[in-house]
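Worksheet: one structure, shown below.
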Amino acid sequence: MYKVSSKLKIFAFVLIGLGALLTIGGFLSAPASEDAVREMLAHDDSHGDGHGAATTDVHQVSSGDVHDDAHASEGHGESHASDHDSNHVEHVYHQLSNKPWSALYVACFFFFMIALGCTAFYAIQKVAQAGWSPGLFRVMEGISSYLLVGGILMFLLLLATGLGANHIFTWMNPGVAEVGHENYDALVAGKTGFLNVPFWLIRAGAFLVGWNLYRWNIRKFSLKQDEEPEGNVWYKKGFKHSAMFLVFFIVTE
């Protein structure tokens with residue numbers, strides 16, 4: 001019987017709470033609008049930091065931008081300079097707004113993949129009929145139990161992304177498949193049959209359901225096998241389901 005000490009549980013909950021607070025802080029510190037970014041950049045300029053020095057980590061001025069600024073300073077492209085400033089503010093706004101979303105996405109994906117990887121490794125042990133690993137099956141089942149919680153969190157995050165709450169994925173940019181649009185990308189445009197939000201969410205939902213269904217079944221078979229150690233019915237079911245899961249996993253992972 002594997003047990004987690006009470007001190008370790010408390011420490012884990014403290015870390016979870018700290019992570020939640022820092023995540024909330026990250027979202028609260030993000031600019032609420034482009035006007036807020038414009039004020040931030042103006043404040044930086046007034047302190048002699050130059051054009052967006054505080055945002056050096058999220059935006060670097062290209063040689064084309066320098067040329068445009070020089071052209072505008074000569075009085076030959078005021079409207080273009082205005083457009084450039086507007087685009088720059090929008091770019092910085094998206095970058096700063098995406099920071100907490102990207103951090104949350106990486107964290108959710110990281111821990112979810114630990115659970116999914118453990119589930120796949122568990123299935124491999126079942127199919128390989130390994131003799132050394134049964135003593136660790138309960139540990140693997142415990143780690144893979146996060147698959148349901150992590151899957152729900154991941155799907156909610158993907159749903160929020162699909163509804164436009166952030167701009168994490170380039171292929172979701174407006175106009176990315178429209179010829180002549182400034183965001184047009186020929187490679188992405190050729191994959192819109194696969195890279196579109198409805199199909200993307202449907203795939204994610206189907207994959208998550210399939211992975212969790214196997215995890216639920218194999219856990220049930222394992223407990224039944226402990227209750228009926230004399231027979232091998234549940235052992236055979238576990239073997240067959242694990243083999244089918246690995247095929248599904250190879251395609252979906």
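Just so we're on the same page: first chain in the structure tokens is A, next is B, and so on; residues restart at 1 for each chain, and ligands are numbered from 1 in the order they show up.
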Run DSSP on the backbone and give me the residues of range 74-246 of chain A it puts in helix (DSSP H, G or I), as a short mmCIF file (atom, residue, chain, number, x, y, z; two decimals) with N, CA, C and O atoms, in the first residue's frame.
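Saved file part-v2.cif follows:
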```cif
data_model
loop_
_atom_site.label_atom_id
_atom_site.label_comp_id
_atom_site.auth_asym_id
_atom_site.auth_seq_id
_atom_site.Cartn_x
_atom_site.Cartn_y
_atom_site.Cartn_z
N GLU A 78 3.01 60.55 -43.08
CA GLU A 78 2.43 60.71 -41.75
C GLU A 78 1.36 59.66 -41.47
O GLU A 78 1.28 59.12 -40.38
N SER A 79 0.55 59.39 -42.46
CA SER A 79 -0.51 58.39 -42.27
C SER A 79 0.09 57.00 -42.06
O SER A 79 -0.40 56.21 -41.26
N HIS A 80 1.18 56.72 -42.80
CA HIS A 80 1.84 55.42 -42.65
C HIS A 80 2.47 55.30 -41.26
O HIS A 80 2.43 54.24 -40.64
N ALA A 81 3.05 56.41 -40.78
CA ALA A 81 3.63 56.39 -39.44
C ALA A 81 2.57 56.16 -38.39
O ALA A 81 2.78 55.45 -37.40
N SER A 82 1.40 56.76 -38.61
CA SER A 82 0.29 56.57 -37.68
C SER A 82 -0.16 55.12 -37.66
O SER A 82 -0.43 54.55 -36.60
N ASP A 83 -0.24 54.52 -38.86
CA ASP A 83 -0.61 53.10 -38.95
C ASP A 83 0.43 52.23 -38.27
O ASP A 83 0.10 51.24 -37.61
N HIS A 84 1.70 52.61 -38.46
CA HIS A 84 2.78 51.83 -37.83
C HIS A 84 2.66 51.88 -36.31
O HIS A 84 2.80 50.87 -35.63
N ASP A 85 2.40 53.06 -35.77
CA ASP A 85 2.26 53.20 -34.32
C ASP A 85 1.09 52.37 -33.81
O ASP A 85 1.17 51.72 -32.77
N SER A 86 -0.01 52.41 -34.57
CA SER A 86 -1.19 51.65 -34.18
C SER A 86 -0.91 50.15 -34.19
O SER A 86 -1.30 49.42 -33.28
N ASN A 87 -0.21 49.70 -35.24
CA ASN A 87 0.14 48.28 -35.35
C ASN A 87 1.09 47.86 -34.24
O ASN A 87 1.01 46.75 -33.70
N HIS A 88 2.01 48.77 -33.90
CA HIS A 88 2.97 48.47 -32.84
C HIS A 88 2.25 48.32 -31.50
O HIS A 88 2.53 47.39 -30.73
N VAL A 89 1.32 49.21 -31.21
CA VAL A 89 0.56 49.14 -29.97
C VAL A 89 -0.25 47.85 -29.92
O VAL A 89 -0.31 47.17 -28.88
N GLU A 90 -0.87 47.51 -31.05
CA GLU A 90 -1.66 46.27 -31.09
C GLU A 90 -0.77 45.05 -30.88
O GLU A 90 -1.15 44.11 -30.17
N HIS A 91 0.41 45.07 -31.48
CA HIS A 91 1.34 43.95 -31.34
C HIS A 91 1.78 43.78 -29.89
O HIS A 91 1.77 42.68 -29.34
N VAL A 92 2.16 44.90 -29.25
CA VAL A 92 2.59 44.85 -27.86
C VAL A 92 1.44 44.39 -26.96
O VAL A 92 1.64 43.61 -26.03
N TYR A 93 0.24 44.88 -27.25
CA TYR A 93 -0.93 44.49 -26.46
C TYR A 93 -1.17 42.99 -26.52
O TYR A 93 -1.41 42.33 -25.50
N HIS A 94 -1.10 42.44 -27.73
CA HIS A 94 -1.31 41.00 -27.88
C HIS A 94 -0.21 40.20 -27.19
O HIS A 94 -0.47 39.16 -26.56
N GLN A 95 1.02 40.67 -27.29
CA GLN A 95 2.13 39.97 -26.66
C GLN A 95 1.98 39.95 -25.14
O GLN A 95 2.13 38.91 -24.50
N LEU A 96 1.68 41.08 -24.55
CA LEU A 96 1.55 41.16 -23.10
C LEU A 96 0.31 40.41 -22.62
O LEU A 96 0.32 39.80 -21.54
N SER A 97 -0.76 40.47 -23.39
CA SER A 97 -1.99 39.76 -23.02
C SER A 97 -1.81 38.25 -23.12
O SER A 97 -2.44 37.49 -22.37
N ASN A 98 -0.97 37.82 -24.05
CA ASN A 98 -0.77 36.39 -24.25
C ASN A 98 0.14 35.76 -23.20
O ASN A 98 0.13 34.54 -23.03
N LYS A 99 0.95 36.57 -22.53
CA LYS A 99 1.92 36.01 -21.57
C LYS A 99 1.27 35.11 -20.51
O LYS A 99 1.69 33.96 -20.33
N PRO A 100 0.26 35.59 -19.76
CA PRO A 100 -0.34 34.71 -18.76
C PRO A 100 -1.05 33.51 -19.37
O PRO A 100 -1.03 32.42 -18.79
N TRP A 101 -1.67 33.70 -20.55
CA TRP A 101 -2.33 32.57 -21.22
C TRP A 101 -1.32 31.51 -21.64
O TRP A 101 -1.55 30.31 -21.48
N SER A 102 -0.19 31.96 -22.18
CA SER A 102 0.85 31.02 -22.61
C SER A 102 1.43 30.26 -21.42
O SER A 102 1.67 29.05 -21.49
N ALA A 103 1.67 30.98 -20.32
CA ALA A 103 2.19 30.32 -19.12
C ALA A 103 1.21 29.29 -18.59
O ALA A 103 1.60 28.17 -18.20
N LEU A 104 -0.07 29.64 -18.58
CA LEU A 104 -1.10 28.70 -18.12
C LEU A 104 -1.18 27.49 -19.04
O LEU A 104 -1.32 26.35 -18.58
N TYR A 105 -1.10 27.74 -20.35
CA TYR A 105 -1.17 26.65 -21.32
C TYR A 105 0.00 25.67 -21.14
O TYR A 105 -0.20 24.45 -21.13
N VAL A 106 1.20 26.19 -21.00
CA VAL A 106 2.38 25.34 -20.83
C VAL A 106 2.27 24.52 -19.55
O VAL A 106 2.57 23.31 -19.54
N ALA A 107 1.83 25.15 -18.46
CA ALA A 107 1.71 24.44 -17.19
C ALA A 107 0.66 23.33 -17.27
O ALA A 107 0.90 22.18 -16.84
N CYS A 108 -0.51 23.64 -17.83
CA CYS A 108 -1.57 22.63 -17.96
C CYS A 108 -1.12 21.48 -18.86
O CYS A 108 -1.34 20.31 -18.55
N PHE A 109 -0.48 21.83 -19.96
CA PHE A 109 -0.04 20.81 -20.91
C PHE A 109 1.06 19.92 -20.31
O PHE A 109 1.07 18.71 -20.50
N PHE A 110 1.96 20.53 -19.55
CA PHE A 110 3.07 19.79 -18.95
C PHE A 110 2.56 18.69 -18.02
O PHE A 110 2.92 17.52 -18.14
N PHE A 111 1.72 19.07 -17.07
CA PHE A 111 1.24 18.09 -16.09
C PHE A 111 0.26 17.10 -16.71
O PHE A 111 0.22 15.93 -16.32
N PHE A 112 -0.51 17.56 -17.69
CA PHE A 112 -1.41 16.63 -18.38
C PHE A 112 -0.63 15.56 -19.13
O PHE A 112 -1.00 14.39 -19.12
N MET A 113 0.46 15.96 -19.76
CA MET A 113 1.25 14.99 -20.53
C MET A 113 1.98 13.99 -19.63
O MET A 113 2.28 12.87 -20.06
N ILE A 114 2.27 14.38 -18.38
CA ILE A 114 2.84 13.41 -17.44
C ILE A 114 1.83 12.30 -17.20
O ILE A 114 2.17 11.10 -17.23
N ALA A 115 0.57 12.68 -16.95
CA ALA A 115 -0.48 11.69 -16.72
C ALA A 115 -0.73 10.85 -17.96
O ALA A 115 -0.89 9.62 -17.87
N LEU A 116 -0.75 11.49 -19.12
CA LEU A 116 -0.99 10.75 -20.36
C LEU A 116 0.17 9.81 -20.67
O LEU A 116 -0.02 8.67 -21.09
N GLY A 117 1.40 10.29 -20.47
CA GLY A 117 2.56 9.45 -20.71
C GLY A 117 2.59 8.25 -19.78
O GLY A 117 2.95 7.13 -20.19
N CYS A 118 2.21 8.46 -18.53
CA CYS A 118 2.15 7.36 -17.58
C CYS A 118 1.09 6.34 -17.99
O CYS A 118 1.29 5.13 -17.86
N THR A 119 -0.03 6.84 -18.50
CA THR A 119 -1.10 5.94 -18.98
C THR A 119 -0.62 5.09 -20.14
O THR A 119 -0.88 3.88 -20.20
N ALA A 120 0.10 5.71 -21.07
CA ALA A 120 0.63 4.97 -22.22
C ALA A 120 1.67 3.95 -21.77
O ALA A 120 1.71 2.81 -22.27
N PHE A 121 2.52 4.33 -20.82
CA PHE A 121 3.53 3.40 -20.31
C PHE A 121 2.86 2.22 -19.60
O PHE A 121 3.32 1.07 -19.70
N TYR A 122 1.79 2.50 -18.89
CA TYR A 122 1.01 1.46 -18.22
C TYR A 122 0.46 0.47 -19.25
O TYR A 122 0.50 -0.75 -19.05
N ALA A 123 -0.08 1.01 -20.36
CA ALA A 123 -0.62 0.16 -21.41
C ALA A 123 0.47 -0.70 -22.04
O ALA A 123 0.25 -1.89 -22.36
N ILE A 124 1.66 -0.13 -22.20
CA ILE A 124 2.78 -0.89 -22.77
C ILE A 124 3.14 -2.07 -21.85
O ILE A 124 3.40 -3.18 -22.32
N GLN A 125 3.14 -1.83 -20.55
CA GLN A 125 3.43 -2.91 -19.60
C GLN A 125 2.40 -4.02 -19.68
O GLN A 125 2.73 -5.21 -19.59
N LYS A 126 1.14 -3.64 -19.86
CA LYS A 126 0.07 -4.64 -19.97
C LYS A 126 0.24 -5.48 -21.23
O LYS A 126 0.12 -6.70 -21.21
N VAL A 127 0.52 -4.81 -22.34
CA VAL A 127 0.65 -5.52 -23.62
C VAL A 127 1.92 -6.37 -23.65
O VAL A 127 1.92 -7.49 -24.17
N ALA A 128 2.99 -5.85 -23.08
CA ALA A 128 4.26 -6.59 -23.06
C ALA A 128 4.26 -7.71 -22.04
O ALA A 128 5.16 -8.55 -22.04
N PRO A 134 4.16 -5.09 -12.34
CA PRO A 134 2.89 -5.13 -11.61
C PRO A 134 2.92 -4.49 -10.23
O PRO A 134 1.91 -3.94 -9.78
N GLY A 135 4.05 -4.52 -9.57
CA GLY A 135 4.15 -3.89 -8.26
C GLY A 135 4.02 -2.38 -8.30
O GLY A 135 3.79 -1.74 -7.27
N LEU A 136 4.16 -1.81 -9.51
CA LEU A 136 4.05 -0.36 -9.68
C LEU A 136 2.73 0.05 -10.33
O LEU A 136 2.51 1.25 -10.58
N PHE A 137 1.86 -0.93 -10.60
CA PHE A 137 0.61 -0.60 -11.30
C PHE A 137 -0.23 0.42 -10.52
O PHE A 137 -0.82 1.32 -11.11
N ARG A 138 -0.30 0.26 -9.21
CA ARG A 138 -1.11 1.19 -8.42
C ARG A 138 -0.52 2.61 -8.46
O ARG A 138 -1.25 3.60 -8.45
N VAL A 139 0.79 2.70 -8.50
CA VAL A 139 1.43 4.01 -8.61
C VAL A 139 1.08 4.64 -9.96
O VAL A 139 0.73 5.83 -10.04
N MET A 140 1.17 3.85 -11.02
CA MET A 140 0.83 4.35 -12.35
C MET A 140 -0.63 4.76 -12.43
O MET A 140 -0.97 5.79 -13.04
N GLU A 141 -1.50 3.98 -11.81
CA GLU A 141 -2.92 4.32 -11.82
C GLU A 141 -3.17 5.62 -11.05
O GLU A 141 -4.04 6.40 -11.42
N GLY A 142 -2.40 5.81 -9.98
CA GLY A 142 -2.54 7.05 -9.22
C GLY A 142 -2.12 8.27 -10.02
O GLY A 142 -2.80 9.30 -10.02
N ILE A 143 -0.98 8.15 -10.72
CA ILE A 143 -0.50 9.27 -11.53
C ILE A 143 -1.46 9.54 -12.69
O ILE A 143 -1.79 10.70 -12.98
N SER A 144 -1.93 8.48 -13.33
CA SER A 144 -2.82 8.66 -14.48
C SER A 144 -4.21 9.14 -14.09
O SER A 144 -4.98 9.55 -14.96
N TYR A 146 -4.93 11.80 -12.80
CA TYR A 146 -5.01 13.23 -13.12
C TYR A 146 -5.51 13.45 -14.55
O TYR A 146 -5.87 14.57 -14.92
N LEU A 147 -5.58 12.40 -15.33
CA LEU A 147 -5.96 12.52 -16.74
C LEU A 147 -7.33 13.16 -16.89
O LEU A 147 -7.54 13.97 -17.81
N LEU A 148 -8.26 12.84 -16.01
CA LEU A 148 -9.61 13.40 -16.11
C LEU A 148 -9.62 14.88 -15.76
O LEU A 148 -10.12 15.71 -16.53
N VAL A 149 -9.04 15.22 -14.61
CA VAL A 149 -8.99 16.63 -14.19
C VAL A 149 -8.19 17.45 -15.19
O VAL A 149 -8.61 18.54 -15.62
N GLY A 150 -7.01 16.94 -15.57
CA GLY A 150 -6.17 17.66 -16.52
C GLY A 150 -6.84 17.80 -17.88
O GLY A 150 -6.69 18.84 -18.54
N GLY A 151 -7.58 16.77 -18.29
CA GLY A 151 -8.27 16.83 -19.57
C GLY A 151 -9.35 17.90 -19.58
O GLY A 151 -9.53 18.62 -20.57
N ILE A 152 -10.08 18.01 -18.48
CA ILE A 152 -11.12 19.05 -18.38
C ILE A 152 -10.48 20.44 -18.43
O ILE A 152 -10.97 21.33 -19.15
N LEU A 153 -9.40 20.63 -17.68
CA LEU A 153 -8.71 21.92 -17.69
C LEU A 153 -8.18 22.25 -19.09
O LEU A 153 -8.30 23.40 -19.56
N MET A 154 -7.60 21.27 -19.75
CA MET A 154 -7.05 21.50 -21.09
C MET A 154 -8.15 21.88 -22.06
O MET A 154 -8.00 22.80 -22.87
N PHE A 155 -9.28 21.17 -22.00
CA PHE A 155 -10.35 21.44 -22.96
C PHE A 155 -10.95 22.82 -22.72
O PHE A 155 -11.27 23.54 -23.67
N LEU A 156 -11.10 23.21 -21.45
CA LEU A 156 -11.61 24.56 -21.15
C LEU A 156 -10.65 25.63 -21.68
O LEU A 156 -11.08 26.66 -22.21
N LEU A 157 -9.36 25.37 -21.55
CA LEU A 157 -8.37 26.31 -22.06
C LEU A 157 -8.41 26.38 -23.58
O LEU A 157 -8.35 27.48 -24.16
N LEU A 158 -8.55 25.24 -24.24
CA LEU A 158 -8.65 25.22 -25.69
C LEU A 158 -9.93 25.89 -26.15
O LEU A 158 -9.95 26.59 -27.17
N LEU A 159 -11.02 25.69 -25.40
CA LEU A 159 -12.29 26.32 -25.74
C LEU A 159 -12.19 27.84 -25.64
O LEU A 159 -12.67 28.56 -26.54
N ALA A 160 -11.55 28.31 -24.58
CA ALA A 160 -11.36 29.76 -24.43
C ALA A 160 -10.52 30.31 -25.57
O ALA A 160 -10.80 31.40 -26.10
N THR A 161 -9.49 29.56 -25.97
CA THR A 161 -8.65 29.99 -27.09
C THR A 161 -9.45 30.03 -28.39
O THR A 161 -9.33 30.98 -29.17
N GLY A 162 -10.26 28.99 -28.62
CA GLY A 162 -11.08 28.95 -29.82
C GLY A 162 -12.10 30.06 -29.89
O GLY A 162 -12.48 30.51 -30.99
N THR A 170 -0.85 30.93 -34.12
CA THR A 170 -0.76 31.78 -35.31
C THR A 170 -1.86 31.47 -36.31
O THR A 170 -2.38 32.38 -36.97
N TRP A 171 -2.21 30.19 -36.45
CA TRP A 171 -3.20 29.82 -37.47
C TRP A 171 -4.60 30.35 -37.17
O TRP A 171 -5.49 30.29 -38.02
N MET A 172 -4.79 30.89 -35.96
CA MET A 172 -6.09 31.47 -35.61
C MET A 172 -6.16 32.97 -35.90
O MET A 172 -7.20 33.59 -35.69
N ALA A 186 0.41 31.23 -46.74
CA ALA A 186 0.05 30.23 -47.74
C ALA A 186 0.04 28.82 -47.17
O ALA A 186 -0.82 28.00 -47.52
N LEU A 187 1.00 28.52 -46.29
CA LEU A 187 1.07 27.18 -45.70
C LEU A 187 -0.16 26.89 -44.83
O LEU A 187 -0.76 25.82 -44.91
N VAL A 188 -0.53 27.86 -44.01
CA VAL A 188 -1.70 27.68 -43.15
C VAL A 188 -2.98 27.63 -43.99
O VAL A 188 -3.89 26.84 -43.72
N ALA A 189 -3.04 28.48 -45.01
CA ALA A 189 -4.22 28.53 -45.86
C ALA A 189 -4.48 27.18 -46.53
O ALA A 189 -5.64 26.81 -46.76
N VAL A 197 -11.23 25.98 -36.09
CA VAL A 197 -11.60 25.88 -34.68
C VAL A 197 -12.62 24.77 -34.40
O VAL A 197 -12.42 23.99 -33.46
N PRO A 198 -13.72 24.64 -35.15
CA PRO A 198 -14.68 23.58 -34.83
C PRO A 198 -14.06 22.18 -34.87
O PRO A 198 -14.22 21.39 -33.92
N PHE A 199 -13.35 21.88 -35.96
CA PHE A 199 -12.74 20.55 -36.08
C PHE A 199 -11.65 20.35 -35.04
O PHE A 199 -11.46 19.25 -34.51
N TRP A 200 -10.94 21.41 -34.72
CA TRP A 200 -9.88 21.38 -33.71
C TRP A 200 -10.45 20.99 -32.35
O TRP A 200 -9.91 20.13 -31.65
N LEU A 201 -11.55 21.61 -31.96
CA LEU A 201 -12.18 21.31 -30.67
C LEU A 201 -12.82 19.93 -30.66
O LEU A 201 -12.79 19.23 -29.64
N ILE A 202 -13.40 19.53 -31.79
CA ILE A 202 -13.99 18.19 -31.88
C ILE A 202 -12.91 17.13 -31.72
O ILE A 202 -13.09 16.13 -31.00
N ARG A 203 -11.77 17.32 -32.38
CA ARG A 203 -10.66 16.38 -32.24
C ARG A 203 -10.19 16.31 -30.80
O ARG A 203 -9.98 15.22 -30.25
N ALA A 204 -10.00 17.47 -30.20
CA ALA A 204 -9.52 17.50 -28.82
C ALA A 204 -10.49 16.76 -27.89
O ALA A 204 -10.07 15.97 -27.04
N GLY A 205 -11.79 17.01 -28.06
CA GLY A 205 -12.78 16.34 -27.23
C GLY A 205 -12.77 14.84 -27.42
O GLY A 205 -12.83 14.07 -26.46
N ALA A 206 -12.67 14.39 -28.69
CA ALA A 206 -12.66 12.96 -28.98
C ALA A 206 -11.41 12.29 -28.40
O ALA A 206 -11.49 11.19 -27.83
N PHE A 207 -10.27 12.93 -28.52
CA PHE A 207 -9.03 12.37 -27.98
C PHE A 207 -9.10 12.25 -26.46
O PHE A 207 -8.73 11.23 -25.89
N LEU A 208 -9.57 13.32 -25.81
CA LEU A 208 -9.64 13.32 -24.35
C LEU A 208 -10.61 12.24 -23.85
O LEU A 208 -10.33 11.56 -22.85
N VAL A 209 -11.73 12.09 -24.52
CA VAL A 209 -12.70 11.06 -24.13
C VAL A 209 -12.09 9.67 -24.30
O VAL A 209 -12.22 8.80 -23.42
N GLY A 210 -11.42 9.44 -25.43
CA GLY A 210 -10.81 8.14 -25.68
C GLY A 210 -9.74 7.79 -24.66
O GLY A 210 -9.71 6.66 -24.14
N TRP A 211 -8.87 8.73 -24.35
CA TRP A 211 -7.80 8.47 -23.36
C TRP A 211 -8.38 8.20 -21.98
O TRP A 211 -7.93 7.29 -21.28
N ASN A 212 -9.38 8.99 -21.58
CA ASN A 212 -9.97 8.82 -20.25
C ASN A 212 -10.81 7.55 -20.17
O ASN A 212 -10.89 6.92 -19.10
N LEU A 213 -11.43 7.18 -21.27
CA LEU A 213 -12.21 5.94 -21.27
C LEU A 213 -11.32 4.73 -21.03
O LEU A 213 -11.67 3.82 -20.25
N TYR A 214 -10.17 4.71 -21.67
CA TYR A 214 -9.23 3.60 -21.43
C TYR A 214 -8.76 3.61 -19.98
O TYR A 214 -8.72 2.56 -19.33
N ARG A 215 -8.42 4.77 -19.49
CA ARG A 215 -7.91 4.85 -18.11
C ARG A 215 -8.95 4.35 -17.11
O ARG A 215 -8.64 3.64 -16.17
N TRP A 216 -10.22 4.70 -17.35
CA TRP A 216 -11.30 4.26 -16.46
C TRP A 216 -11.48 2.74 -16.55
O TRP A 216 -11.65 2.07 -15.53
N ASN A 217 -11.46 2.20 -17.77
CA ASN A 217 -11.65 0.76 -17.96
C ASN A 217 -10.50 -0.05 -17.36
O ASN A 217 -10.73 -1.06 -16.67
N ILE A 218 -9.27 0.34 -17.62
CA ILE A 218 -8.13 -0.45 -17.16
C ILE A 218 -8.03 -0.43 -15.64
O ILE A 218 -7.62 -1.41 -15.01
N ARG A 219 -8.43 0.68 -15.03
CA ARG A 219 -8.47 0.75 -13.57
C ARG A 219 -9.51 -0.22 -13.02
O ARG A 219 -9.28 -0.94 -12.04
N LYS A 220 -10.68 -0.26 -13.67
CA LYS A 220 -11.75 -1.16 -13.24
C LYS A 220 -11.31 -2.62 -13.40
O LYS A 220 -11.53 -3.45 -12.50
N PHE A 221 -10.67 -2.95 -14.54
CA PHE A 221 -10.21 -4.33 -14.75
C PHE A 221 -9.17 -4.72 -13.70
O PHE A 221 -9.15 -5.87 -13.23
N SER A 222 -8.31 -3.79 -13.35
CA SER A 222 -7.26 -4.07 -12.38
C SER A 222 -7.84 -4.39 -11.00
O SER A 222 -7.41 -5.33 -10.33
N LEU A 223 -8.84 -3.63 -10.60
CA LEU A 223 -9.48 -3.88 -9.30
C LEU A 223 -10.26 -5.19 -9.32
O LEU A 223 -10.26 -5.94 -8.33
N LYS A 224 -10.92 -5.47 -10.43
CA LYS A 224 -11.66 -6.74 -10.55
C LYS A 224 -10.71 -7.92 -10.49
O LYS A 224 -11.03 -8.97 -9.91
N GLN A 225 -9.54 -7.77 -11.10
CA GLN A 225 -8.57 -8.86 -11.09
C GLN A 225 -8.08 -9.14 -9.66
O GLN A 225 -7.84 -10.29 -9.29
N ASP A 226 -7.95 -8.10 -8.85
CA ASP A 226 -7.56 -8.29 -7.45
C ASP A 226 -8.65 -9.00 -6.66
O ASP A 226 -8.37 -9.78 -5.74
N GLU A 227 -9.92 -8.74 -7.02
CA GLU A 227 -11.03 -9.38 -6.33
C GLU A 227 -11.19 -10.84 -6.74
O GLU A 227 -11.68 -11.66 -5.95
N VAL A 233 -9.90 -13.67 -16.61
CA VAL A 233 -10.80 -12.95 -17.50
C VAL A 233 -10.46 -11.47 -17.56
O VAL A 233 -10.32 -10.88 -18.63
N TRP A 234 -10.27 -10.87 -16.39
CA TRP A 234 -9.99 -9.44 -16.34
C TRP A 234 -8.58 -9.14 -16.84
O TRP A 234 -8.34 -8.06 -17.41
N TYR A 235 -7.69 -10.09 -16.68
CA TYR A 235 -6.34 -9.92 -17.21
C TYR A 235 -6.38 -9.85 -18.74
O TYR A 235 -5.73 -8.99 -19.35
N LYS A 236 -7.16 -10.74 -19.36
CA LYS A 236 -7.27 -10.76 -20.82
C LYS A 236 -7.95 -9.49 -21.33
O LYS A 236 -7.56 -8.94 -22.36
N LYS A 237 -8.97 -9.03 -20.60
CA LYS A 237 -9.65 -7.80 -21.01
C LYS A 237 -8.68 -6.61 -20.95
O LYS A 237 -8.67 -5.76 -21.84
N GLY A 238 -7.88 -6.58 -19.88
CA GLY A 238 -6.90 -5.52 -19.76
C GLY A 238 -5.89 -5.54 -20.89
O GLY A 238 -5.50 -4.49 -21.41
N PHE A 239 -5.48 -6.74 -21.29
CA PHE A 239 -4.53 -6.89 -22.38
C PHE A 239 -5.12 -6.37 -23.69
O PHE A 239 -4.49 -5.60 -24.43
N LYS A 240 -6.36 -6.79 -23.99
CA LYS A 240 -7.00 -6.40 -25.25
C LYS A 240 -7.25 -4.88 -25.29
O LYS A 240 -6.98 -4.22 -26.31
N HIS A 241 -7.76 -4.34 -24.20
CA HIS A 241 -8.03 -2.91 -24.18
C HIS A 241 -6.74 -2.09 -24.28
O HIS A 241 -6.72 -1.02 -24.90
N SER A 242 -5.67 -2.59 -23.68
CA SER A 242 -4.39 -1.88 -23.74
C SER A 242 -3.84 -1.89 -25.15
O SER A 242 -3.29 -0.88 -25.62
N ALA A 243 -3.99 -3.01 -25.85
CA ALA A 243 -3.51 -3.09 -27.24
C ALA A 243 -4.28 -2.12 -28.13
O ALA A 243 -3.70 -1.41 -28.96
N MET A 244 -5.60 -2.07 -27.95
CA MET A 244 -6.42 -1.14 -28.74
C MET A 244 -6.10 0.31 -28.40
O MET A 244 -6.04 1.18 -29.28
N PHE A 245 -5.85 0.57 -27.12
CA PHE A 245 -5.53 1.93 -26.70
C PHE A 245 -4.23 2.40 -27.33
O PHE A 245 -4.11 3.56 -27.75
N LEU A 246 -3.22 1.53 -27.38
CA LEU A 246 -1.94 1.93 -27.92
C LEU A 246 -2.04 2.32 -29.40
O LEU A 246 -1.39 3.26 -29.85
#
```
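If you look at CA of Pro174 in chain A and CA of Leu195 in chain A, they are 13.0 Å away from each other.
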If you measure from CA of Gly175 in chain A to CA of Gly26 in chain A, what distance in Å do you get, rounded to one decimal? 29.1 Å
